[in-house]
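S.K.: Contents of run14.txt (compact mmCIF, C-alpha atoms and all ligand atoms):
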# COMPACT_ATOMS: atom_id res chain seq x y z
CA MET A 1 -63.73 104.29 -157.30
CA TYR A 2 -63.40 101.78 -154.49
CA ALA A 3 -62.68 98.13 -155.28
CA ILE A 4 -63.31 97.07 -151.70
CA GLN A 5 -65.59 98.70 -149.13
CA THR A 6 -66.58 97.50 -145.70
CA ALA A 7 -68.96 99.05 -143.18
CA ASN A 8 -68.92 97.99 -139.53
CA LEU A 9 -67.75 94.54 -140.69
CA THR A 10 -67.70 92.31 -137.63
CA LYS A 11 -67.07 88.59 -137.12
CA LYS A 12 -67.49 86.69 -133.88
CA TYR A 13 -66.51 83.01 -133.60
CA ASP A 14 -68.16 81.63 -130.45
CA ASP A 15 -66.57 83.85 -127.78
CA VAL A 16 -63.75 85.28 -129.98
CA VAL A 17 -64.34 88.60 -131.73
CA ALA A 18 -62.01 88.11 -134.71
CA LEU A 19 -62.96 91.38 -136.43
CA PHE A 20 -64.62 94.36 -134.84
CA GLY A 21 -66.45 97.11 -136.77
CA LEU A 22 -64.10 97.31 -139.74
CA ASP A 23 -64.62 100.38 -141.95
CA LEU A 24 -62.21 100.12 -144.85
CA GLU A 25 -62.10 101.58 -148.35
CA VAL A 26 -59.59 100.36 -150.92
CA GLU A 27 -59.08 102.43 -154.08
CA ALA A 28 -59.25 100.50 -157.34
CA GLY A 29 -55.74 99.80 -158.68
CA SER A 30 -53.98 100.27 -155.36
CA ILE A 31 -51.75 97.78 -153.57
CA VAL A 32 -52.69 97.83 -149.92
CA GLY A 33 -50.65 96.22 -147.17
CA TYR A 34 -53.10 94.69 -144.70
CA LEU A 35 -50.84 94.32 -141.71
CA GLY A 36 -51.22 92.83 -138.29
CA PRO A 37 -49.79 90.28 -135.89
CA ASN A 38 -50.88 86.64 -135.78
CA GLY A 39 -54.56 86.33 -134.97
CA SER A 40 -55.36 89.99 -135.66
CA GLY A 41 -58.14 89.13 -138.13
CA LYS A 42 -56.50 89.41 -141.58
CA THR A 43 -57.59 86.00 -142.89
CA THR A 44 -61.05 86.47 -141.38
CA THR A 45 -61.35 89.72 -143.38
CA VAL A 46 -60.42 87.98 -146.65
CA LYS A 47 -62.90 85.18 -145.94
CA LEU A 48 -65.64 87.73 -145.26
CA LEU A 49 -64.81 89.78 -148.36
CA THR A 50 -64.88 86.73 -150.63
CA GLY A 51 -68.08 85.43 -149.04
CA LEU A 52 -66.55 82.24 -147.62
CA ILE A 53 -67.99 83.14 -144.24
CA GLN A 54 -70.85 85.41 -143.23
CA PRO A 55 -70.41 88.46 -140.99
CA THR A 56 -71.95 88.65 -137.54
CA LEU A 57 -72.65 92.34 -138.20
CA GLY A 58 -72.03 94.88 -140.96
CA ASP A 59 -71.36 94.27 -144.63
CA SER A 60 -68.84 94.56 -147.43
CA THR A 61 -68.62 94.87 -151.18
CA VAL A 62 -65.94 93.84 -153.67
CA LEU A 63 -66.17 95.58 -157.05
CA GLY A 64 -69.60 96.78 -155.96
CA LEU A 65 -70.83 93.21 -155.35
CA SER A 66 -72.14 92.13 -151.96
CA SER A 67 -69.74 89.67 -150.31
CA ALA A 68 -72.57 88.01 -148.42
CA LYS A 69 -74.97 87.64 -151.36
CA GLU A 70 -72.91 87.62 -154.56
CA SER A 71 -69.85 85.53 -153.71
CA GLY A 72 -70.10 83.53 -156.97
CA LYS A 73 -69.71 86.70 -159.03
CA ILE A 74 -66.92 87.89 -156.74
CA HIS A 75 -65.00 84.62 -157.23
CA ALA A 76 -65.15 85.04 -161.01
CA LEU A 77 -63.56 88.51 -160.79
CA THR A 78 -61.01 87.98 -158.02
CA GLY A 79 -58.01 85.80 -157.30
CA VAL A 80 -56.92 84.41 -153.94
CA LEU A 81 -53.48 83.18 -152.94
CA THR A 82 -53.04 81.73 -149.48
CA GLU A 83 -49.83 80.74 -147.71
CA THR A 84 -50.38 77.05 -148.46
CA ALA A 85 -49.61 76.78 -152.17
CA ALA A 86 -52.58 75.12 -153.83
CA CYS A 87 -51.89 73.30 -157.09
CA TYR A 88 -52.24 69.66 -158.10
CA ARG A 89 -49.01 67.77 -157.51
CA HIS A 90 -49.56 65.17 -160.20
CA LEU A 91 -50.28 67.76 -162.91
CA THR A 92 -47.57 69.73 -164.69
CA ALA A 93 -47.38 73.51 -164.28
CA MET A 94 -49.10 74.01 -167.65
CA GLU A 95 -51.76 71.36 -166.92
CA ASN A 96 -52.51 73.01 -163.59
CA LEU A 97 -53.11 76.37 -165.26
CA ARG A 98 -55.24 74.82 -168.03
CA PHE A 99 -57.31 73.01 -165.39
CA PHE A 100 -57.92 76.11 -163.28
CA GLY A 101 -58.46 78.31 -166.35
CA ALA A 102 -61.15 75.87 -167.53
CA LEU A 103 -62.85 76.13 -164.12
CA PHE A 104 -63.29 79.83 -164.86
CA GLY A 105 -64.88 78.94 -168.20
CA LEU A 106 -62.02 80.35 -170.31
CA GLU A 107 -61.39 79.00 -173.83
CA ASP A 108 -58.37 76.71 -174.05
CA ALA A 109 -56.58 78.93 -176.60
CA LYS A 110 -56.96 81.94 -174.31
CA ILE A 111 -55.79 79.93 -171.31
CA ARG A 112 -52.66 78.80 -173.19
CA THR A 113 -51.77 82.36 -174.18
CA ARG A 114 -52.35 83.65 -170.65
CA ALA A 115 -50.50 80.68 -169.09
CA GLU A 116 -47.49 81.24 -171.34
CA HIS A 117 -47.40 84.92 -170.37
CA LEU A 118 -47.65 84.14 -166.64
CA LEU A 119 -45.18 81.25 -166.64
CA LYS A 120 -42.63 83.39 -168.47
CA LYS A 121 -43.19 86.33 -166.11
CA LEU A 122 -42.89 84.07 -163.08
CA ASP A 123 -39.79 82.33 -164.39
CA LEU A 124 -41.48 78.93 -164.72
CA TRP A 125 -41.63 78.60 -168.50
CA SER A 126 -38.66 76.22 -168.69
CA VAL A 127 -40.35 73.86 -166.20
CA ARG A 128 -43.88 74.13 -167.62
CA ASP A 129 -44.01 70.40 -168.40
CA ARG A 130 -42.71 69.27 -165.01
CA LYS A 131 -45.10 67.95 -162.38
CA ALA A 132 -45.83 70.52 -159.65
CA GLY A 133 -45.05 67.87 -157.02
CA THR A 134 -41.36 68.10 -157.99
CA PHE A 135 -41.24 71.90 -157.47
CA SER A 136 -39.47 73.69 -154.61
CA THR A 137 -41.61 75.72 -152.17
CA GLY A 138 -40.74 78.95 -153.99
CA MET A 139 -41.65 77.45 -157.40
CA LYS A 140 -44.95 76.11 -156.01
CA GLN A 141 -45.74 79.54 -154.60
CA ARG A 142 -45.05 81.17 -157.99
CA LEU A 143 -47.24 78.57 -159.69
CA SER A 144 -50.01 79.28 -157.19
CA LEU A 145 -49.67 82.95 -158.01
CA ALA A 146 -50.02 82.12 -161.72
CA ARG A 147 -53.10 80.07 -160.84
CA ALA A 148 -54.61 82.99 -158.92
CA LEU A 149 -53.97 85.24 -161.94
CA ILE A 150 -55.03 82.90 -164.76
CA HIS A 151 -58.42 84.61 -165.26
CA THR A 152 -56.91 88.15 -165.06
CA PRO A 153 -58.67 89.02 -161.80
CA GLN A 154 -59.52 92.63 -161.04
CA VAL A 155 -58.84 92.14 -157.33
CA LEU A 156 -56.18 89.90 -155.85
CA PHE A 157 -56.28 88.76 -152.22
CA LEU A 158 -52.88 87.60 -151.06
CA ASP A 159 -52.69 85.97 -147.65
CA GLU A 160 -49.04 85.70 -146.56
CA PRO A 161 -47.79 84.92 -150.09
CA THR A 162 -44.14 84.96 -149.04
CA SER A 163 -44.49 82.96 -145.85
CA GLY A 164 -42.11 80.00 -145.71
CA LEU A 165 -39.90 81.33 -148.53
CA ASP A 166 -36.24 82.20 -148.06
CA PRO A 167 -35.56 85.97 -148.21
CA GLU A 168 -34.40 85.89 -151.84
CA SER A 169 -37.42 83.90 -153.12
CA ALA A 170 -39.72 86.03 -150.99
CA SER A 171 -38.30 89.21 -152.52
CA ILE A 172 -38.67 87.82 -156.04
CA VAL A 173 -42.30 86.75 -155.49
CA ASN A 174 -43.03 90.07 -153.82
CA ARG A 175 -41.59 92.18 -156.62
CA MET A 176 -43.40 90.08 -159.21
CA ILE A 177 -46.69 90.68 -157.42
CA GLY A 178 -46.03 94.42 -157.48
CA ASP A 179 -45.01 94.47 -161.14
CA MET A 180 -47.90 92.32 -162.30
CA ALA A 181 -50.45 94.29 -160.31
CA ARG A 182 -49.14 97.53 -161.79
CA ASP A 183 -49.01 96.12 -165.35
CA GLU A 184 -52.61 94.93 -165.18
CA GLY A 185 -54.11 97.58 -162.88
CA THR A 186 -55.12 94.92 -160.38
CA THR A 187 -56.21 95.96 -156.90
CA VAL A 188 -54.22 93.98 -154.34
CA LEU A 189 -54.95 93.35 -150.68
CA LEU A 190 -51.69 91.97 -149.33
CA CYS A 191 -52.17 90.40 -145.90
CA THR A 192 -48.88 89.96 -144.11
CA HIS A 193 -46.89 90.49 -140.98
CA GLN A 194 -43.69 90.70 -143.03
CA LEU A 195 -43.34 94.47 -142.97
CA ARG A 196 -40.30 94.65 -145.23
CA TYR A 197 -42.11 93.03 -148.15
CA ALA A 198 -45.22 95.16 -147.67
CA ASP A 199 -43.06 98.29 -147.60
CA GLU A 200 -41.48 97.28 -150.94
CA ILE A 201 -44.67 97.16 -153.01
CA CYS A 202 -47.60 98.76 -151.20
CA SER A 203 -48.90 102.25 -151.90
CA SER A 204 -50.98 102.35 -148.73
CA PHE A 205 -51.54 100.32 -145.59
CA ALA A 206 -54.14 99.25 -143.07
CA ILE A 207 -52.98 98.14 -139.64
CA LEU A 208 -55.11 95.67 -137.76
CA ASP A 209 -54.57 94.59 -134.18
CA GLN A 210 -56.82 92.29 -132.14
CA GLY A 211 -59.56 92.63 -134.74
CA ILE A 212 -59.52 96.44 -134.66
CA LEU A 213 -58.31 98.72 -137.46
CA ARG A 214 -55.74 100.97 -135.79
CA ALA A 215 -54.94 103.19 -138.79
CA SER A 216 -55.01 103.23 -142.57
CA GLY A 217 -53.64 105.27 -145.45
CA SER A 218 -50.21 106.37 -146.63
CA LEU A 219 -47.10 105.87 -144.52
CA GLU A 220 -47.33 109.54 -143.55
CA MET A 221 -50.92 109.05 -142.36
CA LEU A 222 -49.89 106.03 -140.30
CA GLY A 223 -47.06 108.07 -138.75
CA ASN A 224 -49.53 110.85 -137.86
CA ALA A 225 -52.00 108.34 -136.39
CA ALA A 226 -49.17 106.93 -134.28
CA GLY A 227 -48.19 110.45 -133.13
CA LEU A 228 -44.77 110.09 -134.76
CA HIS A 229 -42.87 113.05 -136.18
CA PRO A 230 -39.85 113.43 -138.45
CA THR A 231 -36.45 113.78 -136.84
CA ALA A 232 -33.70 116.23 -137.74
CA SER A 233 -30.46 114.26 -137.81
CA LEU A 234 -27.09 116.01 -137.97
CA ARG A 235 -23.47 114.93 -138.14
CA VAL A 236 -21.28 117.59 -136.62
CA ALA A 237 -17.60 118.00 -135.74
CA ASP A 238 -16.37 115.83 -132.87
CA GLY A 239 -16.60 117.68 -129.57
CA ALA A 240 -19.00 120.34 -130.93
CA GLU A 241 -21.34 121.73 -128.27
CA MET A 242 -24.89 120.80 -129.16
CA PRO A 243 -28.03 122.33 -127.62
CA GLU A 244 -29.49 120.24 -124.77
CA ASP A 245 -32.59 119.16 -126.68
CA PHE A 246 -30.49 117.13 -129.15
CA VAL A 247 -29.87 113.44 -128.40
CA GLN A 248 -26.85 111.54 -129.67
CA ASN A 249 -27.66 108.47 -131.75
CA GLY A 250 -24.60 106.72 -133.20
CA GLY A 251 -22.60 109.34 -135.10
CA PHE A 252 -25.61 111.69 -135.35
CA TRP A 253 -27.35 114.22 -133.13
CA GLU A 254 -31.13 114.06 -133.36
CA LYS A 255 -34.14 116.17 -132.48
CA GLU A 256 -37.82 115.62 -133.28
CA ILE A 257 -39.35 118.29 -135.52
CA ARG A 258 -42.99 118.90 -136.40
CA GLU A 259 -42.51 119.35 -140.14
CA ASP A 260 -39.84 119.83 -142.82
CA GLN A 261 -40.19 123.64 -142.60
CA ASP A 262 -38.67 123.53 -139.10
CA MET A 263 -35.33 122.44 -140.55
CA PRO A 264 -33.91 125.72 -141.97
CA GLY A 265 -34.47 127.56 -138.67
CA LEU A 266 -32.87 124.75 -136.73
CA ILE A 267 -29.78 124.75 -138.98
CA SER A 268 -29.53 128.58 -138.86
CA GLU A 269 -29.55 128.44 -135.05
CA LEU A 270 -26.73 125.87 -135.01
CA ILE A 271 -24.69 127.97 -137.46
CA ARG A 272 -25.29 131.01 -135.24
CA ARG A 273 -23.83 128.95 -132.38
CA GLU A 274 -20.87 128.11 -134.65
CA VAL A 275 -21.53 124.37 -134.66
CA PRO A 276 -19.63 122.88 -137.66
CA ILE A 277 -22.30 120.85 -139.53
CA TYR A 278 -21.00 118.13 -141.88
CA GLU A 279 -24.30 116.54 -142.78
CA ALA A 280 -28.00 117.28 -142.15
CA LEU A 281 -30.99 115.15 -143.01
CA ILE A 282 -34.59 114.48 -142.05
CA ARG A 283 -35.42 110.95 -140.93
CA ARG A 284 -39.07 110.07 -141.39
CA PRO A 285 -41.01 107.47 -139.41
CA THR A 286 -40.70 104.11 -141.16
CA LEU A 287 -43.46 101.56 -141.62
CA GLU A 288 -41.88 99.59 -138.81
CA ASP A 289 -41.90 102.64 -136.48
CA ALA A 290 -45.59 103.26 -137.20
CA TYR A 291 -46.53 99.58 -136.94
CA PHE A 292 -44.90 99.02 -133.58
CA SER A 293 -46.39 102.22 -132.20
CA LEU A 294 -49.87 101.21 -133.32
CA VAL A 295 -50.02 97.52 -132.38
CA GLN A 296 -49.63 96.08 -128.93
CA LYS A 297 -46.18 94.73 -128.22
CA PRO A 298 -45.89 91.40 -130.04
CA GLU A 299 -44.74 88.18 -128.44
CA ASP A 300 -41.32 86.92 -129.50
CA GLY A 301 -41.25 85.71 -133.09
CA GLU A 302 -44.74 86.97 -133.83
CA VAL A 303 -43.63 89.58 -136.33
CA GLU A 304 -40.91 88.88 -138.81
CA ASN A 305 -38.33 91.24 -140.32
CA ARG A 306 -38.31 93.53 -137.36
CA ALA A 307 -34.57 94.14 -137.66
N1 LIG A 401 -62.96 79.05 -137.49
C1 LIG A 401 -62.61 79.69 -136.38
N2 LIG A 401 -63.15 79.36 -135.19
C2 LIG A 401 -62.82 80.01 -134.05
N3 LIG A 401 -61.93 81.02 -133.99
C3 LIG A 401 -61.34 81.38 -135.14
C4 LIG A 401 -61.63 80.75 -136.39
N4 LIG A 401 -60.88 81.32 -137.37
C5 LIG A 401 -60.14 82.29 -136.75
N5 LIG A 401 -60.41 82.32 -135.44
C6 LIG A 401 -59.83 83.25 -134.44
O1 LIG A 401 -60.06 84.57 -134.91
C7 LIG A 401 -58.93 85.41 -134.65
C8 LIG A 401 -58.42 86.02 -135.95
O2 LIG A 401 -57.88 84.97 -136.76
P1 LIG A 401 -57.33 85.22 -138.25
O3 LIG A 401 -56.96 83.90 -138.80
O4 LIG A 401 -58.33 86.02 -139.00
O5 LIG A 401 -56.04 86.10 -137.96
P2 LIG A 401 -54.81 86.45 -138.92
O6 LIG A 401 -54.53 87.90 -138.72
O7 LIG A 401 -55.08 85.99 -140.31
O8 LIG A 401 -53.63 85.58 -138.27
P3 LIG A 401 -52.33 84.94 -138.96
O9 LIG A 401 -51.39 86.07 -139.24
O10 LIG A 401 -51.83 84.03 -137.87
O11 LIG A 401 -52.79 84.20 -140.19
C9 LIG A 401 -57.91 84.53 -133.94
O12 LIG A 401 -58.09 84.70 -132.54
C10 LIG A 401 -58.32 83.12 -134.34
O13 LIG A 401 -57.95 82.19 -133.36
Once more with this new file: its structure as structure tokens, please.
M.R.:
Amino acid sequence: MYAIQTANLTKKYDDVVALFGLDLEVEAGSIVGYLGPNGSGKTTTVKLLTGLIQPTLGDSTVLGLSSAKESGKIHALTGVLTETAACYRHLTAMENLRFFGALFGLEDAKIRTRAEHLLKKLDLWSVRDRKAGTFSTGMKQRLSLARALIHTPQVLFLDEPTSGLDPESASIVNRMIGDMARDEGTTVLLCTHQLRYADEICSSFAILDQGILRASGSLEMLGNAAGLHPTASLRVADGAEMPEDFVQNGGFWEKEIREDQDMPGLISELIRREVPIYEALIRRPTLEDAYFSLVQKPEDGEVENRA
């Protein structure tokens, strides 16, 4: 069953086509990395899916509900976390969650139980009675995540949830999102250009560039779409004579192969040539390899965690 489906979803703002003919299907319970450079249309997609804006063409559903016509119902069943942490500064962490839980029509006793669970999970229980205005950026972001989860949403839209956090806080928030989504079977659309964090928790990916979906699916599917293949990588004795089609890369000799089954033949041939092999492995295309093959070359600083 699909939690999110779009068909030819298109959004034009004046003369800018922010999203062009998006056809996307997201399996219920999956964590999908929705990746793309600045301005590629990620936020526009979330706004369209949640019914905050109307499409120029095409349509979409979330949990079978029409984004354009049933946004109220969608809001009750989904959570949204944007990069600007959104909680009331003058309320404590617990008061914030009680306030937002009440907006969803939850009973106070249920809100308290849920809030306690979330605050403990997100390592905010000891500061539950402190005003949110005194929190660090990372704490505010965790509180915003708790807020987005207070009504146990079936679908969670996360728009750059780790933006502005130092690497350690970003990793903690990221792992918590993954754990919580898995614990509760939540479908997550994680919009980001921080590839490392997406790679950590996502089961599949969709790569958007200039409003166009370049590829979607597992890492292997992205690699295939990008025309990337695995590489045989071998460490051999110094001075060994390697066939011409191998290229030296650091301490390893490498050659592109079509599939894993090519490896035994390749090793047999080297042994036949009496090349002393110390180590042999297959390097697969990484998310970063696939991403940078599929999107146009970014401007400096546009994509983080490239190294
Ligand atoms: N309200 C608007 N009016 C006009 N143009 C807009 C509006 N909102 C977005 N755009 C344009 O639409 C395109 C896609 O923007 P969007 O915010 O969806 O990208 P994004 O992938 O979320 O970017 P980022 O990673 O920077 O958040 C950009 O060219 C942007 O300038």
S.K.: Give me, please, the distance in Å between atom CA of A:Glu279 and atom CA of A:Gly239, quoted to one decimal.
M.R.: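 Between atom CA of A:Glu279 and atom CA of A:Gly239 the gap is 15.3 Å.
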S.K.: Have a look at atom CA of A:Ile201 and atom C10 of ligand LIG 401 (chain A) and let me know their distance in Å, one decimal.
M.R.: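 These atoms are spaced 27.1 Å apart.
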S.K.: Hey, which of A:Ile212, A:Ala232, A:Ala132, A:Leu165 ends up closest to ligand LIG 401 (chain A)? Count all atoms listed in the file.
M.R.: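 Using all atoms listed in the file, the shortest distance to ligand LIG 401 (chain A) belongs to A:Ile212.
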S.K.: Pick out the residues no farther than 7 Å from ligand LIG 401 (chain A), counting all atoms listed in the file, and list them as a ChimeraX atom specification.
M.R.: /A:13-14,16-18,36-45,192-193,211
S.K.: At what distance in Å, to one decimal, does atom CA of A:Pro161 lie from atom CA of A:Thr56?
M.R.: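 Separating atom CA of A:Thr56 from atom CA of A:Pro161 is a distance of 27.5 Å.
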S.K.: Can you pull out the residues contacting A:Gln141? Cut-off 10 Å, using all atoms listed in the file, and skip same-chain residues under 3 positions away; I want them as a list in words.
M.R.: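 That gives Leu81, Thr82, Glu83, Thr84, Ala85, Ala86, Cys87, Phe135, Ser136, Thr137, Gly138, Ser144, Leu145, Ala146, Arg147, Pro161, Thr162, Ser163, Gly164, Leu165, Ser169, Ala170 and Val173 of chain A.
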S.K.: Just want the 8 Å neighbourhood of A:Thr10, counted on all atoms listed in the file, with same-chain residues fewer than 3 positions away dropped. Output as a PyMOL selection string.
M.R.: chain A and resi 17-22+55-58
S.K.: Need the shell around A:Arg112: protein/DNA/RNA residues with any atom at most 10 Å away, counting all atoms listed in the file. Skip same-chain ones fewer than 2 positions apart. Format as a ChimeraX atom specification?
M.R.: /A:94-95,97-98,101,106-110,114-118,150
S.K.: Could you please take those selected residues and save C-alpha atoms as a compact mmCIF listing (two decimals), in the coordinates of the input?
M.R.:
# COMPACT_ATOMS: atom_id res chain seq x y z
CA MET A 94 -49.10 74.01 -167.65
CA GLU A 95 -51.76 71.36 -166.92
CA LEU A 97 -53.11 76.37 -165.26
CA ARG A 98 -55.24 74.82 -168.03
CA GLY A 101 -58.46 78.31 -166.35
CA LEU A 106 -62.02 80.35 -170.31
CA GLU A 107 -61.39 79.00 -173.83
CA ASP A 108 -58.37 76.71 -174.05
CA ALA A 109 -56.58 78.93 -176.60
CA LYS A 110 -56.96 81.94 -174.31
CA ARG A 114 -52.35 83.65 -170.65
CA ALA A 115 -50.50 80.68 -169.09
CA GLU A 116 -47.49 81.24 -171.34
CA HIS A 117 -47.40 84.92 -170.37
CA LEU A 118 -47.65 84.14 -166.64
CA ILE A 150 -55.03 82.90 -164.76
S.K.: Of the residues A:Thr186, A:Ala225, A:Ile271, A:Ile282, which is the one nearest to A:Trp253, using all atoms listed in the file?
M.R.: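 Among the listed residues, A:Ile282 lies closest to A:Trp253.
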S.K.: Any idea what's packed within 12 Å of A:Asp262, counting all atoms listed in the file, ignoring anything in its chain fewer than 6 positions away? Could you give it as an mmCIF file with C-alpha atoms, keeping the file's coordinate frame?
M.R.:
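Listing of around25.cif after writing:
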data_model
loop_
_atom_site.group_PDB
_atom_site.id
_atom_site.type_symbol
_atom_site.label_atom_id
_atom_site.label_comp_id
_atom_site.auth_asym_id
_atom_site.auth_seq_id
_atom_site.Cartn_x
_atom_site.Cartn_y
_atom_site.Cartn_z
ATOM 1 C CA HIS A 229 -42.870 113.050 -136.180
ATOM 2 C CA PRO A 230 -39.850 113.430 -138.450
ATOM 3 C CA THR A 231 -36.450 113.780 -136.840
ATOM 4 C CA ALA A 232 -33.700 116.230 -137.740
ATOM 5 C CA LYS A 255 -34.140 116.170 -132.480
ATOM 6 C CA GLU A 256 -37.820 115.620 -133.280
ATOM 7 C CA SER A 268 -29.530 128.580 -138.860
ATOM 8 C CA GLU A 269 -29.550 128.440 -135.050
ATOM 9 C CA ILE A 282 -34.590 114.480 -142.050
#
S.K.: Show me a table, sorted first by chain and then by increasing residue number, of the residues of stretch 179-268 of chain A having an atom at most 12 Å from stretch 69-80 of chain A, each with its shortest atom pair and the distance in Å to one decimal, counting only C-alpha atoms and written as CSV.
M.R.:
residue,atom,partner,partner_atom,distance
A:Ala181,CA,A:Gly79,CA,11.8
A:Thr186,CA,A:Thr78,CA,9.4
A:Thr187,CA,A:Thr78,CA,9.4
A:Val188,CA,A:Gly79,CA,9.5
A:Leu189,CA,A:Val80,CA,9.7
A:Leu190,CA,A:Val80,CA,10.3
A:Cys191,CA,A:Val80,CA,11.1
S.K.: Would you list the contacts of A:Ile267 as a ChimeraX atom specification, taking every protein, DNA or RNA residue within 12 Å and counting all atoms listed in the file, but skipping same-chain residues closer than 2 positions in sequence?
M.R.: /A:232-236,242-243,255,260-265,269-282
S.K.: Can you save stretch 240-280 of chain A of the given block to a file, including C-alpha atoms and formatted as a compact mmCIF listing (two decimals), in the first residue's frame?
M.R.:
# COMPACT_ATOMS: atom_id res chain seq x y z
CA ALA A 240 53.07 -6.59 -9.68
CA GLU A 241 52.21 -6.29 -13.37
CA MET A 242 48.53 -5.50 -13.70
CA PRO A 243 46.49 -5.76 -16.92
CA GLU A 244 46.12 -2.42 -18.75
CA ASP A 245 42.42 -2.04 -18.03
CA PHE A 246 43.08 -1.66 -14.28
CA VAL A 247 43.55 1.85 -12.87
CA GLN A 248 45.55 2.57 -9.73
CA ASN A 249 43.63 4.37 -6.99
CA GLY A 250 45.60 4.86 -3.78
CA GLY A 251 46.91 1.46 -2.71
CA PHE A 252 44.34 -0.39 -4.87
CA TRP A 253 43.96 -1.35 -8.52
CA GLU A 254 40.43 -0.89 -9.82
CA LYS A 255 38.30 -1.99 -12.74
CA GLU A 256 34.58 -1.47 -13.38
CA ILE A 257 32.56 -4.69 -13.53
CA ARG A 258 28.97 -5.23 -14.64
CA GLU A 259 27.90 -7.44 -11.74
CA ASP A 260 29.26 -9.43 -8.78
CA GLN A 261 29.44 -12.61 -10.90
CA ASP A 262 32.25 -11.04 -12.94
CA MET A 263 34.56 -11.14 -9.92
CA PRO A 264 35.60 -14.85 -9.78
CA GLY A 265 36.66 -14.83 -13.45
CA LEU A 266 38.61 -11.64 -12.97
CA ILE A 267 40.47 -13.04 -9.95
CA SER A 268 41.16 -16.37 -11.75
CA GLU A 269 42.70 -14.44 -14.66
CA LEU A 270 44.99 -12.49 -12.31
CA ILE A 271 46.05 -15.71 -10.55
CA ARG A 272 46.75 -17.26 -13.97
CA ARG A 273 49.04 -14.26 -14.62
CA GLU A 274 50.68 -14.94 -11.23
CA VAL A 275 49.68 -11.60 -9.73
CA PRO A 276 49.99 -11.92 -5.90
CA ILE A 277 46.59 -10.73 -4.59
CA TYR A 278 46.50 -9.61 -0.94
CA GLU A 279 42.97 -8.28 -0.84
CA ALA A 280 39.97 -8.21 -3.20
